[in-house]
Structure formats: C-alpha cells, structure tokens
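query.tsv follows; it contains TSV, C-alpha atoms and all ligand atoms.
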chain	number	residue	atom	x	y	z
A	244	MET	CA	-222.01	27.18	33.01
A	245	PRO	CA	-221.17	29.45	36.02
A	246	LEU	CA	-224.01	29.78	38.55
A	247	GLN	CA	-224.61	33.48	37.83
A	248	GLN	CA	-225.08	32.80	34.15
A	249	GLN	CA	-227.37	29.83	34.84
A	250	MET	CA	-229.64	32.00	36.97
A	251	SER	CA	-229.94	34.77	34.42
A	252	TRP	CA	-230.74	32.14	31.78
A	253	ARG	CA	-233.65	30.97	33.97
A	254	VAL	CA	-234.92	34.53	34.48
A	255	TRP	CA	-234.74	35.12	30.73
A	256	GLN	CA	-236.69	31.93	30.03
A	257	ASP	CA	-239.31	32.89	32.63
A	258	ASN	CA	-239.73	36.32	31.09
A	259	ARG	CA	-240.03	34.81	27.66
A	260	LYS	CA	-242.90	32.62	28.93
A	261	ARG	CA	-244.55	35.60	30.68
A	262	ARG	CA	-244.91	37.45	27.40
A	263	ASP	CA	-247.62	34.92	26.42
A	264	ILE	CA	-249.52	35.42	29.65
A	265	VAL	CA	-252.75	37.35	29.25
A	266	ASP	CA	-255.09	38.87	31.76
A	267	THR	CA	-258.15	36.63	31.44
A	268	LYS	CA	-261.33	38.72	31.27
A	269	LEU	CA	-264.50	37.57	33.03
A	270	PHE	CA	-267.56	38.41	30.91
A	271	THR	CA	-271.23	38.31	31.93
A	272	ASP	CA	-273.94	36.99	29.61
A	273	SER	CA	-275.09	40.53	28.71
A	274	PRO	CA	-275.53	41.19	24.96
A	275	ALA	CA	-272.53	43.58	24.97
A	276	ASP	CA	-270.25	41.02	26.63
A	277	LEU	CA	-271.44	38.21	24.35
A	278	GLU	CA	-270.52	40.40	21.33
A	279	LYS	CA	-267.02	40.87	22.76
A	280	ALA	CA	-266.60	37.15	23.41
A	281	ALA	CA	-267.86	36.30	19.91
A	282	ALA	CA	-265.37	38.77	18.40
A	283	LEU	CA	-262.53	37.07	20.32
A	284	LEU	CA	-263.62	33.67	18.91
A	285	ARG	CA	-263.73	35.09	15.37
A	286	GLN	CA	-260.22	36.51	15.83
A	287	GLY	CA	-258.80	33.11	16.81
A	288	HIS	CA	-258.67	33.47	20.60
A	289	VAL	CA	-259.67	30.89	23.22
A	290	VAL	CA	-262.72	31.66	25.39
A	291	GLY	CA	-264.18	29.64	28.29
A	292	ILE	CA	-267.91	29.16	27.63
A	293	PRO	CA	-270.81	27.62	29.54
A	294	THR	CA	-272.67	24.64	28.12
A	295	GLU	CA	-275.47	22.64	29.75
A	296	THR	CA	-272.97	19.83	30.54
A	297	VAL	CA	-269.71	21.47	31.70
A	298	TYR	CA	-267.79	24.62	30.74
A	299	GLY	CA	-265.82	24.32	27.50
A	300	LEU	CA	-262.61	25.91	26.19
A	301	ALA	CA	-263.82	27.25	22.87
A	302	ALA	CA	-262.01	28.30	19.69
A	303	ASP	CA	-262.70	28.32	15.94
A	304	ALA	CA	-262.62	24.60	14.99
A	305	ARG	CA	-261.39	25.46	11.46
A	306	ASN	CA	-258.43	27.55	12.62
A	307	PRO	CA	-255.40	25.33	13.46
A	308	ALA	CA	-253.53	28.11	15.30
A	309	ALA	CA	-256.55	28.82	17.51
A	310	VAL	CA	-257.11	25.12	18.23
A	311	LYS	CA	-253.44	24.67	19.16
A	312	GLN	CA	-253.92	27.27	21.88
A	313	ILE	CA	-256.67	25.09	23.40
A	314	PHE	CA	-254.27	22.14	23.66
A	315	ALA	CA	-251.58	24.40	25.18
A	316	ALA	CA	-253.94	25.99	27.73
A	317	LYS	CA	-255.20	22.57	28.92
A	318	GLY	CA	-251.89	20.72	28.69
A	319	ARG	CA	-253.80	18.19	26.56
A	320	PRO	CA	-252.07	15.41	24.57
A	321	ALA	CA	-252.22	16.23	20.84
A	322	ASP	CA	-253.83	12.87	19.94
A	323	ASN	CA	-256.95	13.49	22.06
A	324	PRO	CA	-259.57	14.91	19.65
A	325	LEU	CA	-261.90	17.84	20.37
A	326	ILE	CA	-265.68	17.98	20.03
A	327	VAL	CA	-267.02	20.48	17.48
A	328	HIS	CA	-270.10	22.43	18.60
A	329	ILE	CA	-272.61	23.65	16.01
A	330	GLY	CA	-275.55	26.03	16.27
A	331	GLU	CA	-277.94	24.59	13.69
A	332	LEU	CA	-278.54	21.34	11.85
A	333	SER	CA	-277.38	22.73	8.48
A	334	ALA	CA	-273.86	23.18	9.92
A	335	LEU	CA	-273.67	19.38	10.43
A	336	HIS	CA	-273.11	18.97	6.69
A	337	GLU	CA	-270.23	21.47	6.75
A	338	VAL	CA	-268.40	19.66	9.57
A	339	ALA	CA	-269.14	16.01	8.61
A	340	ALA	CA	-268.13	14.46	5.26
A	341	ASN	CA	-271.39	12.51	5.19
A	342	VAL	CA	-274.41	12.24	7.44
A	343	PRO	CA	-276.10	8.82	7.50
A	344	PRO	CA	-279.87	8.66	8.19
A	345	LEU	CA	-279.25	7.23	11.70
A	346	ALA	CA	-277.17	10.32	12.61
A	347	LEU	CA	-280.01	12.57	11.45
A	348	ARG	CA	-282.57	10.62	13.49
A	349	LEU	CA	-280.38	10.92	16.59
A	350	ALA	CA	-279.73	14.63	16.00
A	351	GLU	CA	-283.43	15.32	15.55
A	352	ARG	CA	-284.30	13.50	18.77
A	353	PHE	CA	-281.47	14.67	21.08
A	354	TRP	CA	-280.23	18.05	19.76
A	355	PRO	CA	-279.80	20.60	21.05
A	356	GLY	CA	-278.51	18.63	24.02
A	357	PRO	CA	-275.78	16.49	25.58
A	358	LEU	CA	-275.14	13.96	22.79
A	359	THR	CA	-271.93	13.88	20.73
A	360	ILE	CA	-272.03	11.89	17.47
A	361	ILE	CA	-268.79	10.76	15.84
A	362	LEU	CA	-268.85	11.03	12.04
A	363	PRO	CA	-266.30	11.15	9.21
A	364	LYS	CA	-264.84	14.67	9.20
A	365	SER	CA	-265.07	17.08	6.29
A	366	ALA	CA	-262.06	18.91	4.85
A	367	SER	CA	-263.02	22.04	6.81
A	368	ILE	CA	-261.90	20.36	10.06
A	369	PRO	CA	-258.10	20.34	10.36
A	370	ASP	CA	-256.15	17.37	11.75
A	371	VAL	CA	-255.18	19.27	14.89
A	372	THR	CA	-258.90	19.50	15.86
A	373	SER	CA	-259.55	15.78	15.28
A	374	GLY	CA	-256.34	14.67	16.99
A	375	GLY	CA	-255.16	13.24	13.66
A	376	LEU	CA	-258.28	11.04	13.24
A	377	ASP	CA	-260.43	11.10	10.07
A	378	THR	CA	-263.55	11.38	12.25
A	379	VAL	CA	-264.95	14.24	14.31
A	380	GLY	CA	-267.24	14.35	17.36
A	381	ILE	CA	-270.10	16.80	16.81
A	382	ARG	CA	-272.76	18.18	19.13
A	383	MET	CA	-275.27	21.01	19.31
A	384	PRO	CA	-275.33	22.41	22.86
A	385	SER	CA	-278.63	23.59	24.38
A	386	HIS	CA	-277.20	26.25	26.71
A	387	PRO	CA	-278.50	29.65	25.47
A	388	VAL	CA	-275.10	31.32	25.98
A	389	ALA	CA	-273.28	28.62	23.98
A	390	GLN	CA	-275.90	28.93	21.24
A	391	ALA	CA	-275.63	32.73	21.19
A	392	LEU	CA	-271.81	32.62	20.95
A	393	ILE	CA	-271.85	30.15	18.05
A	394	ARG	CA	-274.47	32.26	16.24
A	395	LEU	CA	-272.77	35.63	16.91
A	396	SER	CA	-269.27	34.43	16.04
A	397	GLY	CA	-270.39	32.50	12.97
A	398	VAL	CA	-267.79	29.81	13.63
A	399	PRO	CA	-268.10	26.11	14.51
A	400	VAL	CA	-266.59	25.94	17.96
A	401	ALA	CA	-264.13	23.25	19.05
A	402	ALA	CA	-264.39	22.86	22.81
A	403	PRO	CA	-263.05	20.31	25.26
A	404	SER	CA	-263.97	20.62	28.93
A	405	ALA	CA	-262.30	23.77	30.33
A	406	ASN	CA	-260.24	22.08	33.08
A	407	ARG	CA	-256.48	21.58	33.17
A	408	SER	CA	-255.88	18.12	31.67
A	409	GLY	CA	-256.48	15.36	34.23
A	410	TYR	CA	-258.37	17.57	36.73
A	411	PRO	CA	-262.17	17.47	37.40
A	412	SER	CA	-264.25	19.27	34.76
A	413	PRO	CA	-265.51	22.79	35.57
A	414	THR	CA	-269.20	23.46	36.18
A	415	THR	CA	-268.94	27.16	37.12
A	416	ALA	CA	-267.15	30.14	35.57
A	417	GLN	CA	-265.10	30.38	38.77
A	418	HIS	CA	-263.79	26.83	38.27
A	419	VAL	CA	-262.60	27.89	34.79
A	420	MET	CA	-260.95	31.04	36.16
A	421	THR	CA	-259.13	28.93	38.77
A	422	ASP	CA	-257.72	26.60	36.10
A	423	MET	CA	-257.23	29.02	33.20
A	424	GLN	CA	-256.41	32.47	34.64
A	425	GLY	CA	-253.59	33.90	32.53
A	426	ARG	CA	-253.87	31.11	29.93
A	427	ILE	CA	-256.88	32.17	27.82
A	428	ALA	CA	-258.41	35.45	26.62
A	429	ALA	CA	-261.74	35.35	28.50
A	430	VAL	CA	-264.40	33.35	30.33
A	431	VAL	CA	-268.14	33.93	29.89
A	432	ASP	CA	-270.18	33.40	33.07
A	433	GLY	CA	-273.40	31.58	32.20
A	434	GLY	CA	-274.14	30.28	35.70
A	435	VAL	CA	-273.90	26.77	37.11
A	436	CYS	CA	-274.13	23.93	34.55
A	437	THR	CA	-277.43	22.09	34.94
A	438	VAL	CA	-276.30	18.64	33.71
A	439	GLY	CA	-272.87	18.63	35.38
A	440	VAL	CA	-271.22	15.73	33.50
A	441	GLU	CA	-270.02	15.79	29.90
A	442	SER	CA	-272.08	14.69	26.89
A	443	THR	CA	-272.70	11.08	25.91
A	444	VAL	CA	-270.22	10.24	23.11
A	445	ILE	CA	-271.38	7.67	20.54
A	446	ALA	CA	-270.06	6.04	17.38
A	447	LEU	CA	-272.43	4.65	14.74
A	448	GLU	CA	-272.09	0.96	13.85
A	449	GLY	CA	-274.06	0.31	10.69
A	450	ASP	CA	-277.59	1.51	9.92
A	451	ASN	CA	-279.25	0.84	13.22
A	452	ALA	CA	-276.66	0.43	15.99
A	453	VAL	CA	-274.67	2.76	18.21
A	454	ARG	CA	-271.78	2.21	20.59
A	455	ILE	CA	-271.48	4.41	23.68
A	456	LEU	CA	-267.84	5.44	24.10
A	457	ARG	CA	-268.48	7.78	27.03
A	458	PRO	CA	-271.72	7.65	29.06
A	459	GLY	CA	-273.48	10.93	29.79
A	460	TYR	CA	-276.86	12.47	30.45
A	461	VAL	CA	-278.40	10.84	27.36
A	462	THR	CA	-278.72	7.23	28.53
A	463	ALA	CA	-278.48	3.86	26.75
A	464	GLU	CA	-282.21	3.41	27.40
A	465	GLN	CA	-283.00	6.71	25.60
A	466	LEU	CA	-280.70	5.90	22.68
A	467	SER	CA	-282.44	2.55	22.19
A	468	GLU	CA	-285.64	4.44	21.32
A	469	ILE	CA	-283.84	5.51	18.11
A	470	ALA	CA	-281.28	2.76	17.40
A	471	ALA	CA	-282.19	-0.95	17.57
A	472	HIS	CA	-278.85	-1.93	19.11
A	473	VAL	CA	-276.96	0.02	21.78
A	474	THR	CA	-273.69	-1.34	23.16
A	475	LEU	CA	-271.48	-0.01	25.94
A	476	ASP	CA	-267.79	0.14	25.12
A	477	PRO	CA	-265.84	-2.02	27.62
A	478	ALA	CA	-263.55	0.95	28.39
A	479	ILE	CA	-266.46	2.70	30.18
A	480	LEU	CA	-266.05	0.60	33.32
A	481	HIS	CA	-262.59	-0.93	32.91
A	482	ASP	CA	-259.05	0.30	32.63
A	483	ILE	CA	-257.51	0.04	29.16
A	484	GLN	CA	-255.41	-3.14	28.96
A	485	ALA	CA	-252.13	-3.36	27.05
A	486	GLY	CA	-252.85	-4.08	23.39
A	487	GLN	CA	-256.58	-3.28	23.69
A	488	GLU	CA	-258.14	-1.26	20.86
A	489	VAL	CA	-258.99	2.27	22.04
A	490	ARG	CA	-262.14	3.64	20.39
A	491	SER	CA	-261.94	7.01	22.10
A	492	PRO	CA	-258.46	8.40	22.76
A	493	GLY	CA	-259.67	10.20	25.91
A	494	MET	CA	-260.11	6.80	27.60
A	495	LYS	CA	-256.33	6.32	27.72
A	496	TYR	CA	-255.54	9.28	29.90
A	497	GLN	CA	-255.77	10.03	33.58
A	498	HIS	CA	-258.99	11.91	34.16
A	499	TYR	CA	-261.12	13.91	36.56
A	500	SER	CA	-258.68	13.48	39.49
A	501	PRO	CA	-258.49	16.03	42.29
A	502	ARG	CA	-255.22	16.33	44.21
A	503	ALA	CA	-256.80	14.31	47.03
A	504	LYS	CA	-256.66	10.54	46.61
A	505	VAL	CA	-260.10	9.14	45.71
A	506	THR	CA	-261.36	5.64	46.50
A	507	LEU	CA	-264.74	4.36	45.40
A	508	VAL	CA	-266.60	2.30	48.00
A	509	GLU	CA	-269.31	-0.05	46.77
A	510	GLY	CA	-271.91	-1.65	49.04
A	511	GLU	CA	-274.88	-1.07	51.33
A	512	TRP	CA	-275.01	2.09	53.45
A	513	ASN	CA	-274.68	0.21	56.76
A	514	ALA	CA	-271.62	-1.64	55.49
A	515	PHE	CA	-270.09	1.65	54.31
A	516	ALA	CA	-270.71	3.28	57.70
A	517	ALA	CA	-269.19	0.33	59.58
A	518	TRP	CA	-266.21	0.03	57.25
A	519	ILE	CA	-265.21	3.69	57.49
A	520	GLN	CA	-264.92	3.48	61.32
A	521	GLN	CA	-261.27	2.41	60.89
A	522	PHE	CA	-260.42	5.96	59.69
A	523	ALA	CA	-262.06	7.74	62.66
A	524	ALA	CA	-258.81	9.17	63.99
A	525	GLU	CA	-257.15	9.82	60.65
A	526	GLU	CA	-256.50	13.40	59.63
A	527	GLY	CA	-257.52	14.50	56.12
A	528	VAL	CA	-259.90	11.58	55.51
A	529	TYR	CA	-263.33	12.59	54.17
A	530	ALA	CA	-266.44	10.79	52.98
A	531	LEU	CA	-268.52	11.85	49.97
A	532	ILE	CA	-271.96	10.28	50.29
A	533	PHE	CA	-275.50	10.46	48.87
A	534	ASP	CA	-277.56	12.26	51.48
A	535	SER	CA	-278.05	13.49	54.98
A	536	GLU	CA	-276.64	10.69	57.09
A	537	ALA	CA	-273.35	12.59	57.23
A	538	GLU	CA	-273.52	13.23	60.98
A	539	THR	CA	-273.62	9.50	61.74
A	540	LEU	CA	-270.13	8.96	60.27
A	541	PRO	CA	-266.89	9.15	62.30
A	542	VAL	CA	-265.11	11.20	59.58
A	543	PRO	CA	-266.17	14.58	58.14
A	544	ALA	CA	-268.64	13.92	55.34
A	545	PHE	CA	-270.04	15.85	52.37
A	546	THR	CA	-273.00	14.92	50.24
A	547	TYR	CA	-273.30	14.92	46.45
A	548	GLY	CA	-277.00	14.28	46.04
A	549	ALA	CA	-279.53	11.50	46.46
A	550	THR	CA	-280.62	11.02	42.82
A	551	ASP	CA	-278.66	10.27	39.63
A	552	ALA	CA	-279.32	13.74	38.26
A	553	GLN	CA	-278.24	15.49	41.47
A	554	GLN	CA	-275.08	13.37	41.65
A	555	ALA	CA	-274.24	14.22	38.02
A	556	GLN	CA	-274.77	17.90	38.64
A	557	GLN	CA	-272.64	18.04	41.79
A	558	ILE	CA	-269.87	15.48	41.45
A	559	PHE	CA	-267.20	17.66	39.83
A	560	SER	CA	-267.75	20.68	42.07
A	561	LYS	CA	-267.65	18.41	45.16
A	562	LEU	CA	-264.35	16.85	44.04
A	563	ARG	CA	-262.92	20.36	43.59
A	564	GLU	CA	-264.30	21.35	47.01
A	565	MET	CA	-262.43	18.41	48.57
A	566	ASP	CA	-259.18	19.97	47.34
A	567	ASP	CA	-260.21	23.44	48.54
A	568	ILE	CA	-260.60	22.17	52.10
A	569	GLY	CA	-257.32	20.23	51.97
A	570	ALA	CA	-258.66	16.66	51.97
A	571	LYS	CA	-255.98	14.00	51.57
A	572	HIS	CA	-258.14	10.94	50.95
A	573	VAL	CA	-261.80	10.89	49.96
A	574	PHE	CA	-263.92	7.75	50.18
A	575	VAL	CA	-266.85	8.11	47.80
A	576	GLN	CA	-270.08	6.14	48.14
A	577	ALA	CA	-270.35	4.56	44.66
A	578	PRO	CA	-273.32	5.67	42.52
A	579	ARG	CA	-275.48	3.10	40.70
A	580	LYS	CA	-274.33	1.94	37.28
A	581	ASN	CA	-277.63	2.53	35.47
A	582	GLY	CA	-279.15	5.51	33.70
A	583	VAL	CA	-277.32	8.78	34.35
A	584	GLY	CA	-275.64	7.06	37.31
A	585	LEU	CA	-273.41	5.22	34.82
A	586	ALA	CA	-271.92	8.56	33.70
A	587	VAL	CA	-271.17	9.51	37.31
A	588	TYR	CA	-269.68	6.07	38.02
A	589	ASN	CA	-267.51	6.32	34.87
A	590	ARG	CA	-266.04	9.68	36.00
A	591	LEU	CA	-265.51	8.52	39.59
A	592	ILE	CA	-263.80	5.25	38.72
A	593	ARG	CA	-261.30	7.27	36.67
A	594	ALA	CA	-260.88	9.89	39.41
A	595	ALA	CA	-260.09	6.92	41.68
A	596	GLY	CA	-257.55	5.42	39.26
A	597	PHE	CA	-259.85	2.33	39.17
A	598	GLU	CA	-259.47	1.75	42.93
A	599	VAL	CA	-262.79	0.28	44.11
A	600	ILE	CA	-263.41	-1.35	47.49
A	601	GLN	CA	-266.38	-3.70	48.05
A	602	VAL	CA	-267.83	-3.57	51.56
B	701	LIG	O1	-270.19	17.83	27.20
B	701	LIG	C1	-269.15	17.80	26.55
B	701	LIG	O2	-268.94	16.93	25.68
B	701	LIG	C2	-268.08	18.86	26.86
B	701	LIG	C3	-268.68	20.23	26.53
B	701	LIG	C4	-267.69	21.34	26.64
B	701	LIG	O3	-269.28	20.20	25.27
B	701	LIG	N1	-266.89	18.61	26.11
B	701	LIG	C5	-266.05	17.59	26.42
B	701	LIG	O4	-264.91	17.52	25.64
B	701	LIG	O5	-266.24	16.82	27.34
B	701	LIG	P1	-263.62	16.69	26.06
B	701	LIG	O6	-262.63	17.03	25.02
B	701	LIG	O7	-263.27	16.95	27.46
B	701	LIG	O8	-264.02	15.19	25.87
B	701	LIG	C6	-264.26	14.68	24.56
B	701	LIG	C7	-264.14	13.17	24.55
B	701	LIG	C8	-262.72	12.72	24.71
B	701	LIG	O9	-262.70	11.56	25.52
B	701	LIG	C9	-262.31	12.39	23.29
B	701	LIG	O10	-261.30	11.42	23.25
B	701	LIG	C10	-263.62	11.91	22.69
B	701	LIG	O11	-264.62	12.69	23.30
B	701	LIG	N2	-263.66	12.16	21.23
B	701	LIG	C11	-263.74	13.36	20.60
B	701	LIG	N3	-263.68	13.20	19.27
B	701	LIG	C12	-263.59	11.87	19.04
B	701	LIG	C13	-263.47	11.07	17.86
B	701	LIG	N4	-263.43	11.60	16.64
B	701	LIG	N5	-263.36	9.73	18.01
B	701	LIG	C14	-263.39	9.17	19.24
B	701	LIG	N6	-263.49	9.87	20.39
B	701	LIG	C15	-263.58	11.20	20.29
B	702	MG	MG	-262.61	16.55	29.40
Transcribe the structure of this file into structure tokens.
Ligand code: TXA
Ligand code: MG
Amino acid sequence: MPLQQQMSWRVWQDNRKRRDIVDTKLFTDSPADLEKAAALLRQGHVVGIPTETVYGLAADARNPAAVKQIFAAKGRPADNPLIVHIGELSALHEVAANVPPLALRLAERFWPGPLTIILPKSASIPDVTSGGLDTVGIRMPSHPVAQALIRLSGVPVAAPSANRSGYPSPTTAQHVMTDMQGRIAAVVDGGVCTVGVESTVIALEGDNAVRILRPGYVTAEQLSEIAAHVTLDPAILHDIQAGQEVRSPGMKYQHYSPRAKVTLVEGEWNAFAAWIQQFAAEEGVYALIFDSEAETLPVPAFTYGATDAQQAQQIFSKLREMDDIGAKHVFVQAPRKNGVGLAVYNRLIRAAGFEVIQV
C-alpha cells in the first residue's frame, strides 16, 4: 500500500474509534445528580460509583451489552468475572440460584459491607457478567451513594474496581476520572473511600466452612465467628504455579501495579533503614513506609499509615501518587500479614510482581 494511502487508513481508523468516545460527566451526590446517574444505569450505560471499599465501574448486571462496555472500558480479560451488587437481602434470591443457610448467616452478619459471597448464579445473570462461570460473586455495599443508586435505578449492579486493568484501584472520583475519562458515561463523586481495599471474596465449602479467595476488610478472625472452618486460599500469598487450580480468575492476572517498579521489603525498621542506604544517590528511588521516620532515610520517603486500617485506606492512592511524582522504583515497608494487614500485603505483593526482599 502506498504511504499516502496507509496514512489516510490510520486517520480513518482513529476517527472511527473517536466516535465511541464520550465526554465523561462528573456528578455530585446531590439527589438530582443521583437521579441522572440512576437513569444512565437503567439505560445500559456505565457509571463510576463510590463504594466503601473502592470505586466501582457499574452497569446493569442483567444487560449483556452494558456489561460488555465495562470490560471494554477497563481492558479486562473476558474470563474475569464481575461482582454483582444488591441493595436488599430479597435481591439475593434473584441473583443466586440457591442460598444455603451459611450464606444467609454471613449476609446477616456482614451486609451491608465489604464481603463478597460466591454462589451458584441464577438465570438472570448472563455469562458475560460471570466470566463464563456458573457462579456469581454477590455483595451488598454499605456506601450510602452506592445504596441510593441501586435503589433508584432498580437494577442489580455489576461492578469491578474502576481502574484500568492492572493499575491500582481508585479510591477517589478523581482517580476514576484519570483512568476512565472518555471511556464511560459518568462518575459520581461520593468522597474518599473509607475502607480503601476491595471486599473480602469467599467461597462456601459445605455447611460450615468458607475459603477466602481474596482477603479484605472482613478478616478471617471475623469470619470464624460465623463459620467453623476458615481457610486461606494459597493464591493469596503466592504466585499461581503452572497447572495449579485457580479458584478466582482474578488471581491469574497482573494487578494493582503503578508504572513505577515496586519492591516489598520485609524486616525490622532498623534493618530497612540500613539496607536502603545503598540507594542514597539514586535518582527516582522512593520509600513508602509506615510512619514519621521519613526524614531519617537517605531517599525521599512517603508514609501510608501506622495501623492496618490506615494502610488499607491509603495504599492505592499512595501508589498512584508515586506515579504522579515520577518515581521509578518504590521500596515499600511490608505490612503485617494478619487481620486487615493481610489484604494490604496481598495487594502489595501483586503490585511488586511477587518481588520481596528480606532484610
Ligand atoms: O470491593 C469490591 O469488591 C470492589 C467494589 C467495586 O465492590 N469490586 C471489586 O471487583 O474489587 P473486581 O472485579 O475488581 O474484583 C473481583 C474479584 C476478581 O478477582 C474476580 O476474579 C473475583 O472477585 N470473582 C468475582 N466473581 C467470582 C466468581 N464467581 N468466582 C470466583 N472469583 C470471582
Ligand atoms: Mg479490581
């Protein structure tokens, strides 16, 4: 093909793509704006919504065309299933084919809140929503804006985290605008997410046992108040090995990674401080640590909180901030692997591509 013709072919393709590009509206949480956002959901559009965990990319879970737009906007692999968000307990029976007593006990104890329960899906949930699986992850969010949108729209809302696939999850409306401007109809600003990491995802194993597939704000200790046996899936702390059974498709994919390289550093504070001396003169190297000892380090340092809950709330926005300031390599002081800390550790070890240094 002559060069001239090749170029006009490119321009034509570009223009064809541009026709899909929308001007993403930023709504407040005023009643008038919530009505507009709910109408968009009803009409099969994708809207970025706040939840207590992270922002979600919401669409009508029963509408395959709407759900396909979620996958396109995120660049998400089609076999990675979405979580369906409901507004009241009665909707559980519309989304799930059957609801065992253990699921009801868990729902009564932890909903509304950051727990996702995997159950057999009903016929109302299309294959595109469940990533081709015959199960569906269900949760009832506690954020008042999420609840209002589900109630006003009257639809069960499929919503993955509202980041571009592979990037850290968004915890502010601005994060969603950065990732999704021009790709979705609107974003509703409901403030900063209070939890900061995604929901705990569990599968039921018999009458009285649950398996945690993804750790979150609801901890193993809390779950064991309701279920006699609680196990952690091995994929929580380890990379998937060839041939290993994958219980949650999301575990297979690269996750939560900023553009900067991330390395997790495990060990006592003094050892961390001594070890990082070797990077004193290196440009673009940053440390992300628990609290205020930043000024004692030889590299610029940011903090992400001293407690589990603070670390959960801040980790994703700090990883995004590292990119905003042009960091090349971030050494992160590893959180503890208990309680809510396990959720933070699970996200960080993936952001780091499983690169952990012991000091
Ligand atoms: O807190 C949250 O859960 C947020 C907010 C928006 O609600 N949502 C969220 O969705 O984190 P997403 O799509 O980013 O992560 C859902 C995870 C994925 O790892 C997915 O593979 C897993 O849950 N999952 C969903 N449905 C599943 C199913 N039926 N079986 C196994 N794993 C499932
Ligand atoms: Mg996600």
Ligand MG 702 (chain B) neighbours within 7 Å using all atoms listed in the file, as a compact mmCIF listing (two decimals) with C-alpha atoms, keeping the file's coordinate frame:
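The resulting file, pocket_16.txt, is shown below:
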# COMPACT_ATOMS: atom_id res chain seq x y z
CA PRO A 403 -263.05 20.31 25.26
CA SER A 404 -263.97 20.62 28.93
CA SER A 412 -264.25 19.27 34.76
I want to know what sits within 8 Å of Ile313 in chain A, based on only C-alpha atoms, with residues of the same chain fewer than 2 positions away left out; could you give that as a ChimeraX atom specification? /A:289,300-302,309-311,315-317
Calculated over all atoms listed in the file, which of the candidates A:Ile361, A:Leu392, A:Val473, A:Leu269 has the smallest distance to Pro324 in chain A?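 Closest to Pro324 in chain A of all the choices is A:Ile361.
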Within 6 Å of ligand LIG 701 (chain B), counting all atoms listed in the file: which residues, as a PyMOL selection string? chain A and resi 296-299+323-326+357+361+373+378-380+402-404+441-442+490-494
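Between CA of Ala401 in chain A and CA of Asn306 in chain A lies a distance of 9.6 Å.
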Excluding range 448-459 of chain A and its own-chain neighbours fewer than 2 positions away, which residues fall within 10 Å of it when counting only C-alpha atoms? Please give them as a PyMOL selection string. chain A and resi 296+343-346+357-361+438-446+461-463+466-467+469-480+489-494+555+582-590
For CA of Gly548 in chain A and CA of Val419 in chain A, the interatomic separation in Å (one decimal): 22.8 Å
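If you count only C-alpha atoms and ignore residues fewer than 5 places along the chain from Arg305 in chain A, what sits within 10 Å of it is Gly287, Val310, Val327, Val338, Ala366, Ser367, Ile368, Pro369, Asp370, Val371, Thr372, Val398, Pro399, Val400 and Ala401 of chain A.
Between CA of Asp322 in chain A and CA of Gly291 in chain A lies a distance of 21.4 Å.
Using only C-alpha atoms, the shortest contact distance between Leu277 in chain A and any of A:Arg579, A:Lys495, A:Arg502, A:Arg394 is found at A:Arg394.
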Between A:Asp551, A:Glu488, A:Asp432, A:Asp377, which is the closest to Asp276 in chain A once you count only C-alpha atoms? A:Asp432
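Ranking A:Ile381, A:Val602, A:Ala570, A:Met423 by their shortest atom-to-atom distance to Glu337 in chain A, with all atoms listed in the file included, puts A:Ile381 first.
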With a distance cut-off of 12 Å and all atoms listed in the file, select the neighbouring residues of Val573 in chain A, excluding the residue or stretch itself and same-chain residues fewer than 6 positions from it, and output the selection as a ChimeraX atom specification. /A:500-508,519,522,525-532,542-546,561-566,591,594-595,598
Tell me which of A:Asp303, A:Glu351, A:Asp482, A:Asp266 sits closest to Leu283 in chain A, counting all atoms listed in the file.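 Residue with the minimum atom-to-atom distance to Leu283 in chain A: A:Asp303.
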Listed atoms of range 379-387 of chain A boxed axis-aligned with 8 Å per side, centre + edges as JSON:
{"center_x": -271.8, "center_y": 21.9, "center_z": 20.5, "size_x": 29.7, "size_y": 31.4, "size_z": 28.4}
